[in-house]
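Shown here: structure.cif, mmCIF, C-alpha atoms.
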data_upload
loop_
_atom_site.group_PDB
_atom_site.id
_atom_site.type_symbol
_atom_site.label_atom_id
_atom_site.label_comp_id
_atom_site.auth_asym_id
_atom_site.auth_seq_id
_atom_site.Cartn_x
_atom_site.Cartn_y
_atom_site.Cartn_z
ATOM 1 C CA MET F 1 83.531 95.201 108.047
ATOM 2 C CA MET F 2 79.917 94.647 107.021
ATOM 3 C CA ALA F 3 81.052 92.015 104.551
ATOM 4 C CA SER F 4 83.132 90.260 107.219
ATOM 5 C CA ILE F 5 79.958 89.463 109.177
ATOM 6 C CA PHE F 6 78.456 87.657 106.192
ATOM 7 C CA PHE F 7 81.730 85.861 105.538
ATOM 8 C CA ALA F 8 81.884 84.774 109.177
ATOM 9 C CA VAL F 9 78.433 83.209 108.859
ATOM 10 C CA LEU F 10 79.493 81.515 105.629
ATOM 11 C CA ILE F 11 82.688 80.127 107.209
ATOM 12 C CA ILE F 12 80.814 78.817 110.252
ATOM 13 C CA ASN F 13 78.152 77.137 108.100
ATOM 14 C CA THR F 14 80.822 75.630 105.850
ATOM 15 C CA ALA F 15 82.702 74.314 108.891
ATOM 16 C CA LYS F 16 79.519 72.621 110.136
ATOM 17 C CA GLU F 17 78.920 71.058 106.712
ATOM 18 C CA LYS F 18 82.508 69.741 106.713
ATOM 19 C CA GLY F 19 81.898 67.872 109.964
ATOM 20 C CA TYR F 20 83.078 70.331 112.616
ATOM 21 C CA SER F 21 80.294 69.823 115.127
ATOM 22 C CA SER F 22 81.700 70.999 118.467
ATOM 23 C CA GLN F 23 81.860 74.664 119.440
ATOM 24 C CA LYS F 24 85.590 74.378 120.125
ATOM 25 C CA SER F 25 86.422 72.977 116.683
ATOM 26 C CA ILE F 26 84.257 75.564 114.895
ATOM 27 C CA THR F 27 85.886 78.376 116.879
ATOM 28 C CA SER F 28 89.340 76.995 116.113
ATOM 29 C CA ILE F 29 88.797 76.753 112.356
ATOM 30 C CA SER F 30 87.168 80.196 112.301
ATOM 31 C CA ILE F 31 90.139 81.774 114.099
ATOM 32 C CA TYR F 32 92.532 80.067 111.688
ATOM 33 C CA ALA F 33 90.557 81.380 108.695
ATOM 34 C CA ALA F 34 90.530 84.863 110.246
ATOM 35 C CA PHE F 35 94.316 84.891 110.682
ATOM 36 C CA VAL F 36 94.888 83.742 107.096
ATOM 37 C CA ALA F 37 92.465 86.359 105.738
ATOM 38 C CA THR F 38 94.042 89.085 107.884
ATOM 39 C CA ALA F 39 97.536 88.262 106.670
ATOM 40 C CA LEU F 40 96.533 88.228 103.012
ATOM 41 C CA LEU F 41 94.485 91.422 103.299
ATOM 42 C CA PHE F 42 97.405 93.106 105.057
ATOM 43 C CA VAL F 43 99.661 92.261 102.122
ATOM 44 C CA VAL F 44 97.136 93.468 99.543
ATOM 45 C CA TYR F 45 96.081 96.709 101.207
ATOM 46 C CA GLY F 46 99.566 97.374 102.514
ATOM 47 C CA GLY F 47 100.804 97.194 98.940
ATOM 48 C CA LEU F 48 98.016 99.480 97.736
ATOM 49 C CA SER F 49 98.804 101.983 100.484
ATOM 50 C CA TYR F 50 102.479 101.932 99.554
ATOM 51 C CA LEU F 51 101.689 102.503 95.875
ATOM 52 C CA GLY F 52 99.350 105.353 96.714
ATOM 53 C CA ALA F 53 101.904 106.985 99.014
ATOM 54 C CA THR F 54 104.835 106.682 96.623
ATOM 55 C CA ALA F 55 103.282 107.055 93.173
ATOM 56 C CA GLY F 56 100.122 109.054 93.821
ATOM 57 C CA ASN F 57 101.949 112.396 93.678
ATOM 58 C CA VAL F 58 102.549 111.908 89.959
ATOM 59 C CA TRP F 59 98.826 112.441 89.323
ATOM 60 C CA ARG F 60 98.226 114.741 92.287
ATOM 61 C CA ASP F 61 96.622 117.527 90.241
ATOM 62 C CA GLY F 62 94.217 115.121 88.555
ATOM 63 C CA LEU F 63 93.202 113.622 91.896
ATOM 64 C CA MET F 64 92.668 117.005 93.513
ATOM 65 C CA SER F 65 90.506 118.218 90.613
ATOM 66 C CA GLY F 66 88.490 115.000 90.509
ATOM 67 C CA GLU F 67 89.489 114.176 86.943
ATOM 68 C CA ILE F 68 91.149 110.951 88.107
ATOM 69 C CA SER F 69 89.182 108.507 90.262
ATOM 70 C CA PRO F 70 90.864 106.103 92.739
ATOM 71 C CA ALA F 71 90.189 103.181 90.404
ATOM 72 C CA THR F 72 91.750 105.038 87.475
ATOM 73 C CA LEU F 73 94.737 105.953 89.644
ATOM 74 C CA LEU F 74 95.397 102.287 90.423
ATOM 75 C CA SER F 75 95.261 101.464 86.717
ATOM 76 C CA LEU F 76 97.649 104.325 85.857
ATOM 77 C CA ILE F 77 100.129 103.293 88.549
ATOM 78 C CA THR F 78 100.078 99.673 87.365
ATOM 79 C CA GLU F 79 100.585 100.668 83.735
ATOM 80 C CA ARG F 80 103.436 103.009 84.662
ATOM 81 C CA ILE F 81 105.267 100.291 86.631
ATOM 82 C CA LEU F 82 104.452 97.114 84.675
ATOM 83 C CA GLY F 83 103.308 98.371 81.283
ATOM 84 C CA SER F 84 100.234 97.283 79.327
ATOM 85 C CA TYR F 85 100.605 93.652 80.419
ATOM 86 C CA GLY F 86 100.496 94.789 84.028
ATOM 87 C CA THR F 87 97.121 96.415 83.374
ATOM 88 C CA MET F 88 95.761 93.113 82.092
ATOM 89 C CA VAL F 89 97.101 91.312 85.153
ATOM 90 C CA LEU F 90 95.486 93.955 87.371
ATOM 91 C CA ALA F 91 92.152 93.437 85.609
ATOM 92 C CA LEU F 92 92.425 89.681 86.159
ATOM 93 C CA VAL F 93 93.358 90.057 89.825
ATOM 94 C CA VAL F 94 90.579 92.558 90.565
ATOM 95 C CA SER F 95 88.022 90.433 88.705
ATOM 96 C CA THR F 96 89.027 87.317 90.648
ATOM 97 C CA ALA F 97 88.980 89.149 93.986
ATOM 98 C CA CYS F 98 85.598 90.719 93.294
ATOM 99 C CA LEU F 99 84.192 87.393 92.096
ATOM 100 C CA THR F 100 85.119 85.568 95.291
ATOM 101 C CA THR F 101 83.727 88.424 97.385
ATOM 102 C CA ALA F 102 80.504 88.510 95.384
ATOM 103 C CA VAL F 103 80.027 84.747 95.628
ATOM 104 C CA GLY F 104 80.506 84.794 99.396
ATOM 105 C CA LEU F 105 78.193 87.749 99.983
ATOM 106 C CA VAL F 106 75.449 86.522 97.665
ATOM 107 C CA SER F 107 75.590 83.023 99.125
ATOM 108 C CA ALA F 108 75.418 84.191 102.745
ATOM 109 C CA SER F 109 72.747 86.806 102.013
ATOM 110 C CA ALA F 110 70.563 84.353 100.089
ATOM 111 C CA GLU F 111 70.751 81.829 102.925
ATOM 112 C CA TYR F 112 69.808 84.505 105.458
ATOM 113 C CA PHE F 113 66.833 85.881 103.521
ATOM 114 C CA GLU F 114 65.595 82.385 102.669
ATOM 115 C CA GLU F 115 65.403 81.650 106.381
ATOM 116 C CA LEU F 116 64.002 85.114 107.191
ATOM 117 C CA LEU F 117 61.209 84.761 104.603
ATOM 118 C CA GLY F 118 60.375 81.258 105.763
ATOM 119 C CA GLY F 119 61.185 79.688 102.408
ATOM 120 C CA LYS F 120 58.711 81.849 100.456
ATOM 121 C CA LEU F 121 61.541 82.585 98.054
ATOM 122 C CA SER F 122 63.949 79.763 97.317
ATOM 123 C CA TYR F 123 67.711 80.072 97.640
ATOM 124 C CA LYS F 124 68.174 79.938 93.851
ATOM 125 C CA LYS F 125 65.605 82.681 93.206
ATOM 126 C CA LEU F 126 67.190 84.928 95.823
ATOM 127 C CA VAL F 127 70.617 84.402 94.267
ATOM 128 C CA VAL F 128 69.273 85.385 90.833
ATOM 129 C CA ILE F 129 67.504 88.475 92.227
ATOM 130 C CA MET F 130 70.621 89.630 94.103
ATOM 131 C CA CYS F 131 72.851 89.107 91.064
ATOM 132 C CA VAL F 132 70.498 91.095 88.803
ATOM 133 C CA VAL F 133 70.188 93.951 91.301
ATOM 134 C CA SER F 134 73.966 93.981 91.860
ATOM 135 C CA ALA F 135 74.600 94.044 88.102
ATOM 136 C CA CYS F 136 72.351 97.108 87.784
ATOM 137 C CA ILE F 137 74.015 98.896 90.710
ATOM 138 C CA CYS F 138 77.575 98.232 89.518
ATOM 139 C CA ASN F 139 76.908 100.182 86.314
ATOM 140 C CA LEU F 140 76.574 103.376 88.344
ATOM 141 C CA GLY F 141 80.360 103.553 88.669
ATOM 142 C CA LEU F 142 82.684 103.374 91.660
ATOM 143 C CA VAL F 143 82.489 107.038 92.649
ATOM 144 C CA GLN F 144 78.689 107.104 92.519
ATOM 145 C CA ILE F 145 78.399 103.834 94.465
ATOM 146 C CA ILE F 146 80.711 105.164 97.186
ATOM 147 C CA SER F 147 78.742 108.406 97.449
ATOM 148 C CA ILE F 148 75.513 106.431 97.904
ATOM 149 C CA SER F 149 76.854 103.741 100.221
ATOM 150 C CA ALA F 150 78.931 106.002 102.506
ATOM 151 C CA PRO F 151 75.929 107.460 104.426
ATOM 152 C CA ILE F 152 74.323 104.015 104.673
ATOM 153 C CA LEU F 153 77.494 102.442 106.057
ATOM 154 C CA THR F 154 78.006 105.364 108.448
ATOM 155 C CA LEU F 155 74.486 104.707 109.701
ATOM 156 C CA LEU F 156 74.917 100.952 110.110
ATOM 157 C CA TYR F 157 78.512 100.626 111.323
ATOM 158 C CA PRO F 158 77.927 101.778 114.953
ATOM 159 C CA VAL F 159 75.011 99.367 115.370
ATOM 160 C CA THR F 160 77.039 96.565 113.787
ATOM 161 C CA ILE F 161 79.971 97.210 116.136
ATOM 162 C CA LEU F 162 77.519 97.185 119.043
ATOM 163 C CA MET F 163 76.153 93.809 117.947
ATOM 164 C CA ILE F 164 79.657 92.369 117.812
ATOM 165 C CA ILE F 165 80.488 93.688 121.292
ATOM 166 C CA THR F 166 77.288 92.282 122.793
ATOM 167 C CA VAL F 167 78.369 88.784 121.755
ATOM 168 C CA PHE F 168 81.050 88.902 124.463
ATOM 169 C CA VAL F 169 78.573 89.831 127.223
ATOM 170 C CA ARG F 170 75.551 87.750 126.217
ATOM 171 C CA ASP F 171 76.170 85.310 129.097
ATOM 172 C CA ARG F 172 75.972 88.110 131.676
ATOM 173 C CA ILE F 173 72.964 89.958 130.257
ATOM 174 C CA THR F 174 70.067 87.571 129.739
ATOM 175 C CA SER F 175 67.321 90.140 129.111
ATOM 176 C CA VAL F 176 66.666 91.362 125.563
ATOM 177 C CA MET F 177 65.636 94.869 126.601
ATOM 178 C CA PRO F 178 69.155 96.277 127.306
ATOM 179 C CA TYR F 179 70.258 95.232 123.828
ATOM 180 C CA ARG F 180 67.235 96.842 122.199
ATOM 181 C CA ILE F 181 67.597 100.106 124.138
ATOM 182 C CA THR F 182 71.317 100.339 123.361
ATOM 183 C CA ALA F 183 70.715 99.563 119.682
ATOM 184 C CA VAL F 184 67.977 102.214 119.409
ATOM 185 C CA VAL F 185 70.097 104.879 121.132
ATOM 186 C CA THR F 186 73.075 104.032 118.928
ATOM 187 C CA MET F 187 70.917 104.225 115.811
ATOM 188 C CA ILE F 188 69.549 107.632 116.873
ATOM 189 C CA PHE F 189 73.065 109.046 117.241
ATOM 190 C CA SER F 190 74.031 107.484 113.890
ATOM 191 C CA ILE F 191 71.067 109.179 112.207
ATOM 192 C CA ILE F 192 72.023 112.515 113.763
ATOM 193 C CA ASP F 193 75.622 112.074 112.588
ATOM 194 C CA VAL F 194 74.623 111.187 109.020
ATOM 195 C CA ALA F 195 72.086 114.028 108.883
ATOM 196 C CA GLY F 196 74.704 116.486 110.176
ATOM 197 C CA ARG F 197 77.226 115.377 107.568
ATOM 198 C CA SER F 198 74.629 115.626 104.797
ATOM 199 C CA PHE F 199 73.494 119.110 105.778
ATOM 200 C CA GLY F 200 77.129 120.160 106.102
ATOM 201 C CA VAL F 201 77.885 119.036 102.554
ATOM 202 C CA GLN F 202 74.829 120.831 101.235
ATOM 203 C CA ALA F 203 75.722 123.990 103.126
ATOM 204 C CA CYS F 204 79.252 123.969 101.715
ATOM 205 C CA ALA F 205 77.898 123.442 98.210
#

Show how you would write the structure in this file as structure tokens.
Amino acid sequence: MMASIFFAVLIINTAKEKGYSSQKSITSISIYAAFVATALLFVVYGGLSYLGATAGNVWRDGLMSGEISPATLLSLITERILGSYGTMVLALVVSTACLTTAVGLVSASAEYFEELLGGKLSYKKLVVIMCVVSACICNLGLVQIISISAPILTLLYPVTILMIITVFVRDRITSVMPYRITAVVTMIFSIIDVAGRSFGVQACA
């Protein structure tokens, strides 16, 4: 969901660059892009869910013991169904999907921070910095990245959802203070939730 916000900004900016100037036309093209993305993501993740539900039991013991990671499971399922060539196709598909996601996120993030920093760092420099940092992080491995990012996302998701909801009521609430108070309260509860989960994990360990 966090990534969808950056992609939304990227789509809107691209629509403006392509000549869609009115609010109605930008909204229309954004809704169309959202429906297309939703349909394609439904096919992809629906297929992954089906594979996990039907073929995951073959490696159930390995998954339960932690010897097999989710990424490894997907590779094993693909190789079992399609053979070694299927594994190569999977690698190509995942690489392409991750590349498009990375390009969109880096582009939108660089544009945002360039504006936030008042041009102190150029768009190109920010892109290079983000790519280098991302390359270092990706070497940690999927499981480690998930373990690090899960508390951060749990902390940010409620506030992000709140920001999305406030878009629909911005015409009725003109003062900034209600938004700030609600955001602070939401963040406090998010911190308590993340802290509780963390202490719970430590206690169980």

I need the residue set behind the PyMOL selection byres ((chain F and resi 87) around 12) for this file; please write it as a PDB file with C-alpha atoms, in the coordinates of the input.
ATOM      1  CA  ALA F  71      90.189 103.181  90.404  1.00  0.00           C
ATOM      2  CA  THR F  72      91.750 105.038  87.475  1.00  0.00           C
ATOM      3  CA  LEU F  73      94.737 105.953  89.644  1.00  0.00           C
ATOM      4  CA  LEU F  74      95.397 102.287  90.423  1.00  0.00           C
ATOM      5  CA  SER F  75      95.261 101.464  86.717  1.00  0.00           C
ATOM      6  CA  LEU F  76      97.649 104.325  85.857  1.00  0.00           C
ATOM      7  CA  ILE F  77     100.129 103.293  88.549  1.00  0.00           C
ATOM      8  CA  THR F  78     100.078  99.673  87.365  1.00  0.00           C
ATOM      9  CA  GLU F  79     100.585 100.668  83.735  1.00  0.00           C
ATOM     10  CA  ARG F  80     103.436 103.009  84.662  1.00  0.00           C
ATOM     11  CA  ILE F  81     105.267 100.291  86.631  1.00  0.00           C
ATOM     12  CA  LEU F  82     104.452  97.114  84.675  1.00  0.00           C
ATOM     13  CA  GLY F  83     103.308  98.371  81.283  1.00  0.00           C
ATOM     14  CA  SER F  84     100.234  97.283  79.327  1.00  0.00           C
ATOM     15  CA  TYR F  85     100.605  93.652  80.419  1.00  0.00           C
ATOM     16  CA  GLY F  86     100.496  94.789  84.028  1.00  0.00           C
ATOM     17  CA  MET F  88      95.761  93.113  82.092  1.00  0.00           C
ATOM     18  CA  VAL F  89      97.101  91.312  85.153  1.00  0.00           C
ATOM     19  CA  LEU F  90      95.486  93.955  87.371  1.00  0.00           C
ATOM     20  CA  ALA F  91      92.152  93.437  85.609  1.00  0.00           C
ATOM     21  CA  LEU F  92      92.425  89.681  86.159  1.00  0.00           C
ATOM     22  CA  VAL F  93      93.358  90.057  89.825  1.00  0.00           C
ATOM     23  CA  VAL F  94      90.579  92.558  90.565  1.00  0.00           C
TER      24      VAL F  94
END

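Distances from F:Leu162, F:Val167, F:Ala110, F:Leu156 to Ile191 (chain F) were compared using all atoms listed in the file, and the smallest one belongs to F:Leu156.
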
Enumerate, as a count of residues only, the residues matched when the PyMOL selection byres ((chain F and resi 10) around 10) is run on the file above.
-> 18

Provide the CA of Ser134 (chain F) to CA of Tyr45 (chain F) distance in Å, to one decimal place.
->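 One can read the CA of Ser134 (chain F) to CA of Tyr45 (chain F) distance as 24.2 Å.
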
Residues matched by the PyMOL selection byres ((chain F and resi 124-131) around 12) as a VMD selection string | chain F and resid 99 102 to 117 119 to 123 132 to 138

Quick one: everything within 12 Å of Ile161 (chain F), counting all atoms listed in the file, minus sequence neighbours fewer than 5 positions away in the same chain. Send it as a ChimeraX atom specification.
-> /F:1-2,4-5,153-156,166-168,182-183,186-187

Could you work out how far CA of Ile192 (chain F) lies from CA of Val176 (chain F), giving the answer in Å with one decimal?
-> 24.8 Å
